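*Asks:* mmCIF, C-alpha atoms, saved as query.cif, coming up:
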```cif
data_start
#
loop_
_atom_site.group_PDB
_atom_site.id
_atom_site.type_symbol
_atom_site.label_atom_id
_atom_site.label_comp_id
_atom_site.auth_asym_id
_atom_site.auth_seq_id
_atom_site.Cartn_x
_atom_site.Cartn_y
_atom_site.Cartn_z
ATOM 1 C CA MET A 161 0.000 0.000 0.000
ATOM 2 C CA GLY A 162 1.365 3.414 -0.945
ATOM 3 C CA GLU A 163 1.660 6.587 1.089
ATOM 4 C CA ARG A 164 -1.707 7.956 2.142
ATOM 5 C CA VAL A 165 -3.206 11.260 1.085
ATOM 6 C CA LEU A 166 -6.327 12.713 2.729
ATOM 7 C CA VAL A 167 -8.612 13.984 -0.052
ATOM 8 C CA THR A 168 -11.359 16.310 1.114
ATOM 9 C CA GLY A 169 -14.268 16.311 -1.298
ATOM 10 C CA GLY A 170 -13.124 12.978 -2.680
ATOM 11 C CA ALA A 171 -16.731 11.924 -3.351
ATOM 12 C CA GLY A 172 -17.288 14.866 -5.685
ATOM 13 C CA TYR A 173 -16.605 15.344 -9.388
ATOM 14 C CA ILE A 174 -12.986 16.503 -9.343
ATOM 15 C CA GLY A 175 -12.111 14.835 -6.045
ATOM 16 C CA SER A 176 -13.187 11.366 -7.186
ATOM 17 C CA HIS A 177 -11.093 11.690 -10.337
ATOM 18 C CA ALA A 178 -8.177 12.849 -8.184
ATOM 19 C CA CYS A 179 -8.537 9.715 -6.053
ATOM 20 C CA LYS A 180 -8.328 7.584 -9.189
ATOM 21 C CA ALA A 181 -5.207 9.434 -10.343
ATOM 22 C CA LEU A 182 -3.606 9.116 -6.904
ATOM 23 C CA LYS A 183 -4.228 5.378 -6.770
ATOM 24 C CA ARG A 184 -2.830 4.966 -10.275
ATOM 25 C CA ALA A 185 0.261 6.916 -9.154
ATOM 26 C CA GLY A 186 0.858 4.540 -6.227
ATOM 27 C CA PHE A 187 -0.759 6.503 -3.383
ATOM 28 C CA GLU A 188 -3.655 5.461 -1.146
ATOM 29 C CA PRO A 189 -6.344 8.180 -1.265
ATOM 30 C CA VAL A 190 -8.474 8.507 1.867
ATOM 31 C CA THR A 191 -11.678 10.383 1.055
ATOM 32 C CA PHE A 192 -13.071 12.802 3.655
ATOM 33 C CA ASP A 193 -16.495 14.035 2.532
ATOM 34 C CA ASN A 194 -19.836 14.994 4.078
ATOM 35 C CA LEU A 195 -21.762 13.872 0.936
ATOM 36 C CA ASN A 196 -23.479 17.256 0.750
ATOM 37 C CA THR A 197 -22.789 17.355 -3.000
ATOM 38 C CA GLY A 198 -20.735 14.183 -3.396
ATOM 39 C CA TRP A 199 -21.741 10.569 -3.915
ATOM 40 C CA ALA A 200 -20.748 7.555 -1.816
ATOM 41 C CA GLU A 201 -20.753 5.491 -5.022
ATOM 42 C CA ALA A 202 -17.936 7.666 -6.369
ATOM 43 C CA VAL A 203 -15.574 6.546 -3.586
ATOM 44 C CA LYS A 204 -13.945 3.594 -5.348
ATOM 45 C CA PHE A 205 -10.217 3.990 -4.933
ATOM 46 C CA GLY A 206 -9.517 3.955 -1.204
ATOM 47 C CA PRO A 207 -11.032 4.286 2.288
ATOM 48 C CA PHE A 208 -13.939 6.616 3.010
ATOM 49 C CA VAL A 209 -14.413 8.792 6.094
ATOM 50 C CA GLN A 210 -17.775 10.539 6.188
ATOM 51 C CA GLY A 211 -17.139 13.789 7.994
ATOM 52 C CA ASP A 212 -17.579 17.537 7.812
ATOM 53 C CA LEU A 213 -14.872 20.197 7.754
ATOM 54 C CA MET A 214 -16.908 22.252 10.201
ATOM 55 C CA ASP A 215 -16.231 19.457 12.738
ATOM 56 C CA ARG A 216 -12.618 19.908 13.843
ATOM 57 C CA ALA A 217 -12.682 16.770 15.995
ATOM 58 C CA ALA A 218 -13.680 14.670 12.981
ATOM 59 C CA ILE A 219 -10.740 16.022 10.978
ATOM 60 C CA ASP A 220 -8.333 15.382 13.867
ATOM 61 C CA ALA A 221 -9.620 11.828 14.190
ATOM 62 C CA ALA A 222 -9.223 11.104 10.481
ATOM 63 C CA LEU A 223 -5.666 12.455 10.390
ATOM 64 C CA ALA A 224 -4.743 10.498 13.527
ATOM 65 C CA GLU A 225 -6.203 7.251 12.161
ATOM 66 C CA TRP A 226 -4.845 7.379 8.609
ATOM 67 C CA LYS A 227 -1.603 9.353 9.105
ATOM 68 C CA PRO A 228 -1.406 10.823 5.587
ATOM 69 C CA VAL A 229 1.769 12.367 4.187
ATOM 70 C CA ALA A 230 -0.273 15.173 2.634
ATOM 71 C CA VAL A 231 -3.722 16.728 2.387
ATOM 72 C CA MET A 232 -5.424 17.467 -0.950
ATOM 73 C CA HIS A 233 -8.288 19.909 -0.407
ATOM 74 C CA PHE A 234 -11.182 20.018 -2.917
ATOM 75 C CA ALA A 235 -14.208 20.274 -0.618
ATOM 76 C CA ALA A 236 -16.022 23.604 -0.989
ATOM 77 C CA LEU A 237 -19.244 25.279 -1.961
ATOM 78 C CA SER A 238 -18.700 26.416 -5.542
ATOM 79 C CA LEU A 239 -21.803 28.015 -7.102
ATOM 80 C CA VAL A 240 -20.974 31.591 -8.047
ATOM 81 C CA GLY A 241 -24.610 32.685 -8.305
ATOM 82 C CA GLU A 242 -25.475 31.264 -4.900
ATOM 83 C CA SER A 243 -22.416 32.920 -3.386
ATOM 84 C CA MET A 244 -23.657 36.310 -4.590
ATOM 85 C CA LYS A 245 -27.073 35.739 -2.973
ATOM 86 C CA ASP A 246 -25.837 34.127 0.256
ATOM 87 C CA PRO A 247 -22.240 35.242 0.884
ATOM 88 C CA ALA A 248 -22.344 34.351 4.584
ATOM 89 C CA LYS A 249 -22.795 30.685 3.701
ATOM 90 C CA TYR A 250 -19.646 30.733 1.560
ATOM 91 C CA TRP A 251 -17.535 32.544 4.110
ATOM 92 C CA ARG A 252 -18.765 30.250 6.860
ATOM 93 C CA VAL A 253 -18.356 26.909 5.086
ATOM 94 C CA ASN A 254 -15.397 27.513 2.788
ATOM 95 C CA VAL A 255 -13.281 29.695 5.058
ATOM 96 C CA ASN A 256 -14.099 28.255 8.478
ATOM 97 C CA GLY A 257 -13.982 24.715 7.116
ATOM 98 C CA GLY A 258 -10.710 25.378 5.332
ATOM 99 C CA LEU A 259 -9.147 26.944 8.406
ATOM 100 C CA ASN A 260 -10.209 23.958 10.529
ATOM 101 C CA LEU A 261 -8.530 21.653 8.030
ATOM 102 C CA ILE A 262 -5.329 23.693 7.828
ATOM 103 C CA GLU A 263 -5.031 23.985 11.605
ATOM 104 C CA ALA A 264 -5.640 20.253 12.019
ATOM 105 C CA THR A 265 -3.057 19.485 9.331
ATOM 106 C CA VAL A 266 -0.389 21.474 11.150
ATOM 107 C CA ALA A 267 -1.373 20.016 14.537
ATOM 108 C CA ALA A 268 -0.979 16.497 13.101
ATOM 109 C CA GLY A 269 2.567 17.278 11.976
ATOM 110 C CA ILE A 270 1.736 17.199 8.257
ATOM 111 C CA ARG A 271 3.545 19.811 6.182
ATOM 112 C CA ASN A 272 2.288 19.168 2.625
ATOM 113 C CA PHE A 273 -0.984 20.693 1.408
ATOM 114 C CA VAL A 274 -2.431 20.774 -2.124
ATOM 115 C CA PHE A 275 -5.266 23.271 -2.569
ATOM 116 C CA SER A 276 -7.850 23.360 -5.325
ATOM 117 C CA SER A 277 -8.415 27.087 -5.784
ATOM 118 C CA THR A 278 -10.007 28.956 -8.681
ATOM 119 C CA CYS A 279 -9.357 31.603 -11.299
ATOM 120 C CA ALA A 280 -12.418 33.315 -9.793
ATOM 121 C CA THR A 281 -9.895 34.837 -7.362
ATOM 122 C CA PHE A 282 -8.840 37.106 -10.255
ATOM 123 C CA GLY A 283 -12.314 38.568 -10.671
ATOM 124 C CA ASP A 284 -13.583 40.053 -13.918
ATOM 125 C CA GLN A 285 -10.416 40.612 -15.965
ATOM 126 C CA ASP A 286 -11.786 40.351 -19.452
ATOM 127 C CA GLY A 287 -9.879 39.475 -22.584
ATOM 128 C CA VAL A 288 -6.459 38.713 -21.078
ATOM 129 C CA VAL A 289 -4.663 35.426 -20.556
ATOM 130 C CA LEU A 290 -4.361 35.167 -16.788
ATOM 131 C CA ASN A 291 -1.133 34.040 -15.169
ATOM 132 C CA GLU A 292 -0.009 33.496 -11.586
ATOM 133 C CA ASP A 293 1.110 37.137 -11.221
ATOM 134 C CA THR A 294 -2.187 38.658 -12.370
ATOM 135 C CA PRO A 295 -3.600 40.750 -9.474
ATOM 136 C CA GLN A 296 -6.387 38.975 -7.595
ATOM 137 C CA LYS A 297 -9.602 40.997 -7.356
ATOM 138 C CA PRO A 298 -12.486 38.572 -6.654
ATOM 139 C CA ILE A 299 -15.962 39.936 -7.332
ATOM 140 C CA ASN A 300 -18.084 37.317 -5.546
ATOM 141 C CA ALA A 301 -18.028 35.449 -2.258
ATOM 142 C CA TYR A 302 -16.961 32.197 -3.916
ATOM 143 C CA GLY A 303 -13.775 33.730 -5.344
ATOM 144 C CA ALA A 304 -13.179 35.750 -2.188
ATOM 145 C CA SER A 305 -13.517 32.691 0.051
ATOM 146 C CA LYS A 306 -11.019 30.761 -2.064
ATOM 147 C CA LYS A 307 -8.566 33.665 -1.992
ATOM 148 C CA ALA A 308 -8.953 33.766 1.801
ATOM 149 C CA ILE A 309 -7.774 30.143 2.005
ATOM 150 C CA GLU A 310 -4.805 31.006 -0.208
ATOM 151 C CA ASP A 311 -3.924 33.857 2.187
ATOM 152 C CA ILE A 312 -4.241 31.529 5.186
ATOM 153 C CA LEU A 313 -1.898 29.044 3.507
ATOM 154 C CA PHE A 314 0.730 31.745 2.925
ATOM 155 C CA ASN A 315 0.492 32.712 6.604
ATOM 156 C CA PHE A 316 0.762 29.096 7.787
ATOM 157 C CA ARG A 317 3.750 28.515 5.523
ATOM 158 C CA ASP A 318 5.554 31.422 7.151
ATOM 159 C CA ALA A 319 4.490 30.560 10.711
ATOM 160 C CA PHE A 320 4.611 26.744 10.698
ATOM 161 C CA GLY A 321 6.403 25.595 7.544
ATOM 162 C CA LEU A 322 3.229 24.266 5.919
ATOM 163 C CA ASN A 323 4.316 23.875 2.310
ATOM 164 C CA HIS A 324 1.540 24.195 -0.221
ATOM 165 C CA VAL A 325 0.760 23.973 -3.895
ATOM 166 C CA ILE A 326 -2.197 26.048 -5.056
ATOM 167 C CA PHE A 327 -3.960 25.368 -8.364
ATOM 168 C CA ARG A 328 -6.209 27.993 -9.979
ATOM 169 C CA TYR A 329 -8.426 27.025 -12.918
ATOM 170 C CA PHE A 330 -11.725 27.818 -14.615
ATOM 171 C CA ASN A 331 -13.991 25.240 -16.234
ATOM 172 C CA VAL A 332 -13.370 21.537 -15.759
ATOM 173 C CA ALA A 333 -14.988 19.154 -18.230
ATOM 174 C CA GLY A 334 -14.962 15.561 -19.413
ATOM 175 C CA ALA A 335 -14.906 12.385 -17.388
ATOM 176 C CA ASP A 336 -12.826 9.332 -16.633
ATOM 177 C CA PRO A 337 -12.698 7.637 -20.060
ATOM 178 C CA GLU A 338 -12.938 4.231 -18.358
ATOM 179 C CA GLY A 339 -16.337 5.195 -16.946
ATOM 180 C CA GLU A 340 -15.655 4.552 -13.256
ATOM 181 C CA VAL A 341 -16.473 8.121 -12.203
ATOM 182 C CA GLY A 342 -17.849 11.195 -13.937
ATOM 183 C CA GLU A 343 -19.604 14.518 -13.529
ATOM 184 C CA GLN A 344 -22.924 14.538 -11.709
ATOM 185 C CA HIS A 345 -24.281 17.548 -9.868
ATOM 186 C CA GLU A 346 -27.732 18.281 -8.502
ATOM 187 C CA PRO A 347 -28.573 20.830 -9.722
ATOM 188 C CA GLU A 348 -26.267 20.821 -12.738
ATOM 189 C CA THR A 349 -24.847 24.235 -13.657
ATOM 190 C CA HIS A 350 -22.019 23.391 -16.077
ATOM 191 C CA LEU A 351 -22.380 23.947 -19.807
ATOM 192 C CA ILE A 352 -21.263 20.600 -21.231
ATOM 193 C CA PRO A 353 -23.362 18.260 -19.025
ATOM 194 C CA ILE A 354 -26.396 20.549 -19.459
ATOM 195 C CA LEU A 355 -25.875 20.491 -23.217
ATOM 196 C CA LEU A 356 -25.554 16.685 -23.261
ATOM 197 C CA ASP A 357 -28.674 16.317 -21.115
ATOM 198 C CA ALA A 358 -30.540 18.461 -23.655
ATOM 199 C CA ILE A 359 -29.319 16.242 -26.492
ATOM 200 C CA ASP A 360 -30.370 13.171 -24.497
ATOM 201 C CA GLY A 361 -33.847 14.526 -23.741
ATOM 202 C CA LYS A 362 -33.210 14.836 -20.000
ATOM 203 C CA ARG A 363 -34.040 18.551 -20.221
ATOM 204 C CA PRO A 364 -35.941 20.520 -22.862
ATOM 205 C CA ALA A 365 -33.090 22.649 -24.184
ATOM 206 C CA LEU A 366 -29.837 24.443 -23.484
ATOM 207 C CA THR A 367 -30.284 28.152 -22.785
ATOM 208 C CA VAL A 368 -27.558 30.369 -24.241
ATOM 209 C CA PHE A 369 -27.315 33.532 -22.139
ATOM 210 C CA GLY A 370 -26.401 36.391 -24.435
ATOM 211 C CA THR A 371 -25.528 36.442 -28.149
ATOM 212 C CA ASP A 372 -24.312 40.042 -28.418
ATOM 213 C CA TYR A 373 -20.918 39.846 -26.737
ATOM 214 C CA PRO A 374 -17.906 41.362 -28.583
ATOM 215 C CA THR A 375 -16.608 37.934 -29.636
ATOM 216 C CA PRO A 376 -16.411 36.415 -33.127
ATOM 217 C CA ASP A 377 -19.796 34.670 -32.742
ATOM 218 C CA GLY A 378 -21.402 36.845 -30.061
ATOM 219 C CA THR A 379 -21.265 34.310 -27.227
ATOM 220 C CA CYS A 380 -19.035 34.195 -24.141
ATOM 221 C CA ILE A 381 -15.619 32.532 -24.286
ATOM 222 C CA ARG A 382 -14.325 30.297 -21.503
ATOM 223 C CA ASP A 383 -11.290 28.117 -20.874
ATOM 224 C CA TYR A 384 -11.825 24.367 -20.373
ATOM 225 C CA VAL A 385 -9.526 21.681 -18.954
ATOM 226 C CA HIS A 386 -10.150 17.943 -19.061
ATOM 227 C CA VAL A 387 -10.726 16.625 -15.557
ATOM 228 C CA MET A 388 -8.101 13.876 -15.965
ATOM 229 C CA ASP A 389 -5.479 16.422 -17.069
ATOM 230 C CA LEU A 390 -6.445 18.586 -14.110
ATOM 231 C CA VAL A 391 -6.113 15.873 -11.473
ATOM 232 C CA GLU A 392 -2.836 14.669 -12.942
ATOM 233 C CA ALA A 393 -1.532 18.198 -12.335
ATOM 234 C CA HIS A 394 -2.570 17.775 -8.693
ATOM 235 C CA VAL A 395 -0.583 14.546 -8.453
ATOM 236 C CA LEU A 396 2.424 16.330 -9.973
ATOM 237 C CA GLY A 397 1.941 19.101 -7.406
ATOM 238 C CA LEU A 398 1.903 16.523 -4.619
ATOM 239 C CA ARG A 399 5.155 15.023 -5.871
ATOM 240 C CA TRP A 400 6.614 18.532 -6.046
ATOM 241 C CA LEU A 401 5.910 18.942 -2.325
ATOM 242 C CA LEU A 402 7.117 15.479 -1.336
ATOM 243 C CA GLU A 403 10.374 16.174 -3.156
ATOM 244 C CA GLY A 404 10.875 19.217 -0.908
ATOM 245 C CA LYS A 405 10.575 21.872 -3.605
ATOM 246 C CA GLY A 406 8.541 24.259 -1.465
ATOM 247 C CA SER A 407 5.367 26.261 -1.958
ATOM 248 C CA ARG A 408 4.166 27.246 -5.437
ATOM 249 C CA VAL A 409 1.077 28.601 -7.210
ATOM 250 C CA PHE A 410 0.025 27.277 -10.619
ATOM 251 C CA ASN A 411 -2.686 28.337 -13.039
ATOM 252 C CA LEU A 412 -4.154 25.520 -15.115
ATOM 253 C CA GLY A 413 -5.684 26.243 -18.499
ATOM 254 C CA THR A 414 -5.098 25.826 -22.185
ATOM 255 C CA GLY A 415 -4.582 29.507 -22.938
ATOM 256 C CA LYS A 416 -7.308 29.173 -25.556
ATOM 257 C CA GLY A 417 -10.977 29.693 -24.893
ATOM 258 C CA PHE A 418 -14.056 28.238 -26.550
ATOM 259 C CA SER A 419 -17.247 30.195 -27.180
ATOM 260 C CA VAL A 420 -20.605 28.734 -26.219
ATOM 261 C CA ARG A 421 -21.472 28.342 -29.899
ATOM 262 C CA GLU A 422 -18.181 26.506 -30.527
ATOM 263 C CA VAL A 423 -18.949 24.067 -27.706
ATOM 264 C CA ILE A 424 -22.417 23.472 -29.178
ATOM 265 C CA ASP A 425 -20.951 22.874 -32.647
ATOM 266 C CA GLN A 426 -18.404 20.403 -31.293
ATOM 267 C CA ALA A 427 -21.098 18.546 -29.347
ATOM 268 C CA ARG A 428 -23.153 18.219 -32.512
ATOM 269 C CA LEU A 429 -20.165 16.686 -34.315
ATOM 270 C CA VAL A 430 -19.160 14.335 -31.485
ATOM 271 C CA THR A 431 -22.648 12.992 -30.753
ATOM 272 C CA ASN A 432 -24.036 13.251 -34.293
ATOM 273 C CA ARG A 433 -27.175 14.754 -32.782
ATOM 274 C CA GLU A 434 -28.789 18.158 -32.859
ATOM 275 C CA VAL A 435 -28.559 20.325 -29.749
ATOM 276 C CA PRO A 436 -31.892 21.854 -28.664
ATOM 277 C CA VAL A 437 -31.057 25.512 -27.956
ATOM 278 C CA VAL A 438 -32.986 28.569 -26.829
ATOM 279 C CA PHE A 439 -31.455 32.030 -26.616
ATOM 280 C CA GLY A 440 -31.815 34.281 -23.619
ATOM 281 C CA ASP A 441 -30.527 37.602 -22.333
ATOM 282 C CA ARG A 442 -27.128 38.105 -20.803
ATOM 283 C CA ARG A 443 -26.749 37.117 -17.166
ATOM 284 C CA PRO A 444 -25.522 39.806 -14.750
ATOM 285 C CA GLY A 445 -21.818 39.419 -13.991
ATOM 286 C CA ASP A 446 -20.898 37.201 -16.951
ATOM 287 C CA ALA A 447 -17.559 38.297 -18.401
ATOM 288 C CA THR A 448 -16.965 38.264 -22.151
ATOM 289 C CA ALA A 449 -13.830 36.101 -22.187
ATOM 290 C CA LEU A 450 -11.983 34.322 -19.372
ATOM 291 C CA VAL A 451 -8.851 32.383 -20.275
ATOM 292 C CA SER A 452 -5.964 31.103 -18.164
ATOM 293 C CA GLY A 453 -2.473 30.119 -19.230
ATOM 294 C CA SER A 454 -0.433 27.315 -17.699
ATOM 295 C CA ALA A 455 3.148 27.972 -18.809
ATOM 296 C CA ARG A 456 4.472 27.628 -15.256
ATOM 297 C CA ALA A 457 2.782 24.249 -14.728
ATOM 298 C CA VAL A 458 4.151 23.001 -18.038
ATOM 299 C CA GLU A 459 7.674 24.228 -17.295
ATOM 300 C CA ASP A 460 7.952 23.457 -13.558
ATOM 301 C CA LEU A 461 5.752 20.363 -13.197
ATOM 302 C CA GLY A 462 6.095 18.910 -16.685
ATOM 303 C CA TRP A 463 2.300 19.041 -17.012
ATOM 304 C CA MET A 464 0.907 17.999 -20.395
ATOM 305 C CA PRO A 465 -2.832 18.765 -20.849
ATOM 306 C CA GLU A 466 -3.097 16.375 -23.784
ATOM 307 C CA ARG A 467 -6.774 15.475 -23.293
ATOM 308 C CA SER A 468 -7.956 19.082 -23.086
ATOM 309 C CA THR A 469 -9.332 19.375 -26.590
ATOM 310 C CA MET A 470 -13.013 20.146 -26.890
ATOM 311 C CA PRO A 471 -13.848 16.968 -28.880
ATOM 312 C CA GLN A 472 -12.090 14.793 -26.279
ATOM 313 C CA MET A 473 -13.794 16.490 -23.337
ATOM 314 C CA ILE A 474 -17.227 16.160 -24.928
ATOM 315 C CA ARG A 475 -16.568 12.582 -26.051
ATOM 316 C CA ASP A 476 -15.604 11.459 -22.532
ATOM 317 C CA ALA A 477 -18.490 13.361 -20.928
ATOM 318 C CA TRP A 478 -20.881 11.804 -23.461
ATOM 319 C CA GLY A 479 -19.525 8.363 -22.608
ATOM 320 C CA TRP A 480 -20.239 9.024 -18.942
ATOM 321 C CA THR A 481 -23.862 9.915 -19.703
ATOM 322 C CA ARG A 482 -24.239 6.367 -21.066
ATOM 323 C CA GLN A 483 -23.448 5.015 -17.570
ATOM 324 C CA PRO A 484 -26.025 4.496 -14.796
ATOM 325 C CA ARG A 485 -26.254 7.590 -12.617
ATOM 326 C CA PHE A 486 -25.089 7.705 -9.007
ATOM 327 C CA THR A 487 -28.040 7.283 -6.690
ATOM 328 C CA GLU A 488 -26.727 7.383 -3.131
#
```
As a first step, turn the structure in this file into structure tokens.
*Replies:*
Amino acid sequence: MGERVLVTGGAGYIGSHACKALKRAGFEPVTFDNLNTGWAEAVKFGPFVQGDLMDRAAIDAALAEWKPVAVMHFAALSLVGESMKDPAKYWRVNVNGGLNLIEATVAAGIRNFVFSSTCATFGDQDGVVLNEDTPQKPINAYGASKKAIEDILFNFRDAFGLNHVIFRYFNVAGADPEGEVGEQHEPETHLIPILLDAIDGKRPALTVFGTDYPTPDGTCIRDYVHVMDLVEAHVLGLRWLLEGKGSRVFNLGTGKGFSVREVIDQARLVTNREVPVVFGDRRPGDATALVSGSARAVEDLGWMPERSTMPQMIRDAWGWTRQPRFTE
């Protein structure tokens, strides 16, 4: 059995894929999840501890029992719209929960921490390729709460020697091509699974919010990364820490965005089906184009986002929709 890694949110979309990647890399992932948005059926690659980050004693007990060499932190509330309507919830759960976890990690003598952050910490910086040195100006409670955890990690590095790797990224798409885990949210808010559900008749249509943006086809542009590429970066970040290379921040993206219309066109080609679409007004707060580069991750970690083409992401997500849904 390999070295253990505590994975918070390991029953969720990205966390479950991370557990698969960790196991494949020779580690033993221990999932810590309250199943608020995750699925017990997604925990397939190591032990499961059902617990909540608001419960410090539960975290302490899990770290004492499993003695991981590192913590990989995915668990968080992550709906931007909800965070704008109920910011207190995001500050309470994401920040207090994250601080509990970080304090417990230090108290247990663990000094390696991988954090799943977000490019939402940069705020609305339209039309530029974001890098790690771009000023952070979050415009909603979700981005602000994630930035707060980053700030806490910098403080705990200086005070206690807690080395960390922080990953910031935008849209994650695709699924495990072997079909063991995939993307399933209730409610679903991500473009590609909503689009595929519309193709499959699980919802009436995909609503495109805004067709008058200053882009080549009038729709918003976003960066997408395949979930398996993303979690492999997290494993590389873990190895970076275990090799004693110190704290580092990495953006993860392709540097190239896709418009909503381009995603729809690619889905039509991949599935050979028409996409039911209705057009609506712009949503408040939607930026025109958000794209992140990843030159540092490529150069320092040797990261290769080979699966992060739109056809591949849609193809793997479409394959997942052919699987029985999680029910627990």
*Asks:* Can you build me a table of region 445-467 of chain A residues sitting at most 7 Å from region 388-406 of chain A, with the closest atom pair per residue and its distance in Å to one decimal, using all atoms listed in the file, sorted by chain and residue number, as JSON lines?
*Replies:*
```
{"residue": "A:Leu461", "atom": "CA", "partner": "A:Leu396", "partner_atom": "CA", "distance": 6.1}
{"residue": "A:Trp463", "atom": "CA", "partner": "A:Ala393", "partner_atom": "CA", "distance": 6.1}
{"residue": "A:Pro465", "atom": "CA", "partner": "A:Asp389", "partner_atom": "CA", "distance": 5.2}
{"residue": "A:Arg467", "atom": "CA", "partner": "A:Asp389", "partner_atom": "CA", "distance": 6.4}
```
*Asks:* Could you state the separation of CA of Leu166 (chain A) and CA of His386 (chain A) in Å, given to one decimal place?
*Replies:* 22.7 Å
*Asks:* Pick out the closest residue to Ala236 (chain A) from this set: A:Val203, A:Leu195, A:Ala222, A:Val409. Count all atoms listed in the file.
*Replies:*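 Using all atoms listed in the file, Ala236 (chain A) sits closest to A:Leu195.
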*Asks:* Sorted by chain and rising residue number, which residues of region 343-450 of chain A lie within 12 Å of region 295-316 of chain A, and what are their closest atom pairs and distances in Å to one decimal, counting all atoms listed in the file, as a Markdown table?
*Replies:*
```
| residue | atom | partner | partner_atom | distance |
| --- | --- | --- | --- | --- |
| A:Gly406 | CA | A:Phe314 | CA | 11.7 |
| A:Ser407 | CA | A:Phe314 | CA | 8.7 |
| A:Arg408 | CA | A:Phe314 | CA | 10.1 |
| A:Val409 | CA | A:Glu310 | CA | 9.5 |
| A:Gly445 | CA | A:Ile299 | CA | 8.9 |
| A:Asp446 | CA | A:Ile299 | CA | 11.2 |
| A:Ala447 | CA | A:Ile299 | CA | 11.3 |
```
*Asks:* Near Thr278 (chain A), counting all atoms listed in the file, which residues have an atom at most 8 Å away, once you skip same-chain residues fewer than 3 positions from it, shown as a list in words?
*Replies:* Thr281, Gly303, Lys306, Phe327, Arg328, Tyr329 and Phe330 of chain A
*Asks:* For Thr197 (chain A), list every protein, DNA or RNA residue within 10 Å, evaluated using only C-alpha atoms, and leave out those in the same chain fewer than 2 positions away; present the list as a ChimeraX atom specification.
*Replies:* /A:169,171-173,193-195,199,235-237,344-347
*Asks:* Can you measure CA of Gly170 (chain A) to CA of Ile354 (chain A) for me? One decimal in Å is fine.
*Replies:*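 Interatomic distance, CA of Gly170 (chain A) to CA of Ile354 (chain A): 22.7 Å.
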*Asks:* Excluding Glu348 (chain A) and its own-chain neighbours fewer than 4 positions away, which residues fall within 12 Å of it when counting all atoms listed in the file? Please give them as a compact mmCIF listing (two decimals) with C-alpha atoms, keeping the file's coordinate frame.
*Replies:*
```txt
# COMPACT_ATOMS: atom_id res chain seq x y z
CA TYR A 173 -16.60 15.34 -9.39
CA THR A 197 -22.79 17.36 -3.00
CA SER A 238 -18.70 26.42 -5.54
CA LEU A 239 -21.80 28.02 -7.10
CA GLU A 343 -19.60 14.52 -13.53
CA GLN A 344 -22.92 14.54 -11.71
CA ILE A 352 -21.26 20.60 -21.23
CA PRO A 353 -23.36 18.26 -19.02
CA ILE A 354 -26.40 20.55 -19.46
CA LEU A 355 -25.88 20.49 -23.22
CA LEU A 356 -25.55 16.68 -23.26
CA ASP A 357 -28.67 16.32 -21.12
CA ALA A 358 -30.54 18.46 -23.66
CA LYS A 362 -33.21 14.84 -20.00
CA ARG A 363 -34.04 18.55 -20.22
CA LEU A 366 -29.84 24.44 -23.48
```
*Asks:* Because the input lacks atoms here, generate N, CA, C and O atoms for region 288-296 of chain A and report them as a PDB file, keeping the file's coordinate frame.
*Replies:*
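Wrote it out as out.pdb, contents follow:
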```pdb
ATOM      1  N   VAL A 288      -7.896  38.924 -21.262  1.00  0.00           N
ATOM      2  CA  VAL A 288      -6.459  38.713 -21.078  1.00  0.00           C
ATOM      3  C   VAL A 288      -6.226  37.254 -20.704  1.00  0.00           C
ATOM      4  O   VAL A 288      -7.120  36.587 -20.182  1.00  0.00           O
ATOM      5  N   VAL A 289      -5.040  36.765 -21.003  1.00  0.00           N
ATOM      6  CA  VAL A 289      -4.663  35.426 -20.556  1.00  0.00           C
ATOM      7  C   VAL A 289      -4.073  35.573 -19.155  1.00  0.00           C
ATOM      8  O   VAL A 289      -3.031  36.189 -18.964  1.00  0.00           O
ATOM      9  N   LEU A 290      -4.774  35.014 -18.182  1.00  0.00           N
ATOM     10  CA  LEU A 290      -4.361  35.167 -16.788  1.00  0.00           C
ATOM     11  C   LEU A 290      -3.137  34.316 -16.491  1.00  0.00           C
ATOM     12  O   LEU A 290      -3.015  33.185 -16.964  1.00  0.00           O
ATOM     13  N   ASN A 291      -2.228  34.852 -15.677  1.00  0.00           N
ATOM     14  CA  ASN A 291      -1.133  34.040 -15.169  1.00  0.00           C
ATOM     15  C   ASN A 291      -1.049  34.208 -13.655  1.00  0.00           C
ATOM     16  O   ASN A 291      -1.855  34.920 -13.050  1.00  0.00           O
ATOM     17  N   GLU A 292      -0.075  33.542 -13.047  1.00  0.00           N
ATOM     18  CA  GLU A 292      -0.009  33.496 -11.586  1.00  0.00           C
ATOM     19  C   GLU A 292       0.251  34.872 -10.969  1.00  0.00           C
ATOM     20  O   GLU A 292      -0.016  35.074  -9.773  1.00  0.00           O
ATOM     21  N   ASP A 293       0.783  35.811 -11.750  1.00  0.00           N
ATOM     22  CA  ASP A 293       1.110  37.137 -11.221  1.00  0.00           C
ATOM     23  C   ASP A 293       0.010  38.164 -11.483  1.00  0.00           C
ATOM     24  O   ASP A 293       0.136  39.318 -11.077  1.00  0.00           O
ATOM     25  N   THR A 294      -1.066  37.757 -12.155  1.00  0.00           N
ATOM     26  CA  THR A 294      -2.187  38.658 -12.370  1.00  0.00           C
ATOM     27  C   THR A 294      -2.785  39.056 -11.012  1.00  0.00           C
ATOM     28  O   THR A 294      -3.000  38.193 -10.162  1.00  0.00           O
ATOM     29  N   PRO A 295      -3.019  40.345 -10.766  1.00  0.00           N
ATOM     30  CA  PRO A 295      -3.600  40.750  -9.474  1.00  0.00           C
ATOM     31  C   PRO A 295      -4.945  40.067  -9.223  1.00  0.00           C
ATOM     32  O   PRO A 295      -5.760  39.920 -10.134  1.00  0.00           O
ATOM     33  N   GLN A 296      -5.150  39.660  -7.973  1.00  0.00           N
ATOM     34  CA  GLN A 296      -6.387  38.975  -7.595  1.00  0.00           C
ATOM     35  C   GLN A 296      -7.397  39.995  -7.071  1.00  0.00           C
ATOM     36  O   GLN A 296      -7.127  40.693  -6.098  1.00  0.00           O
TER      37      GLN A 296
END
```
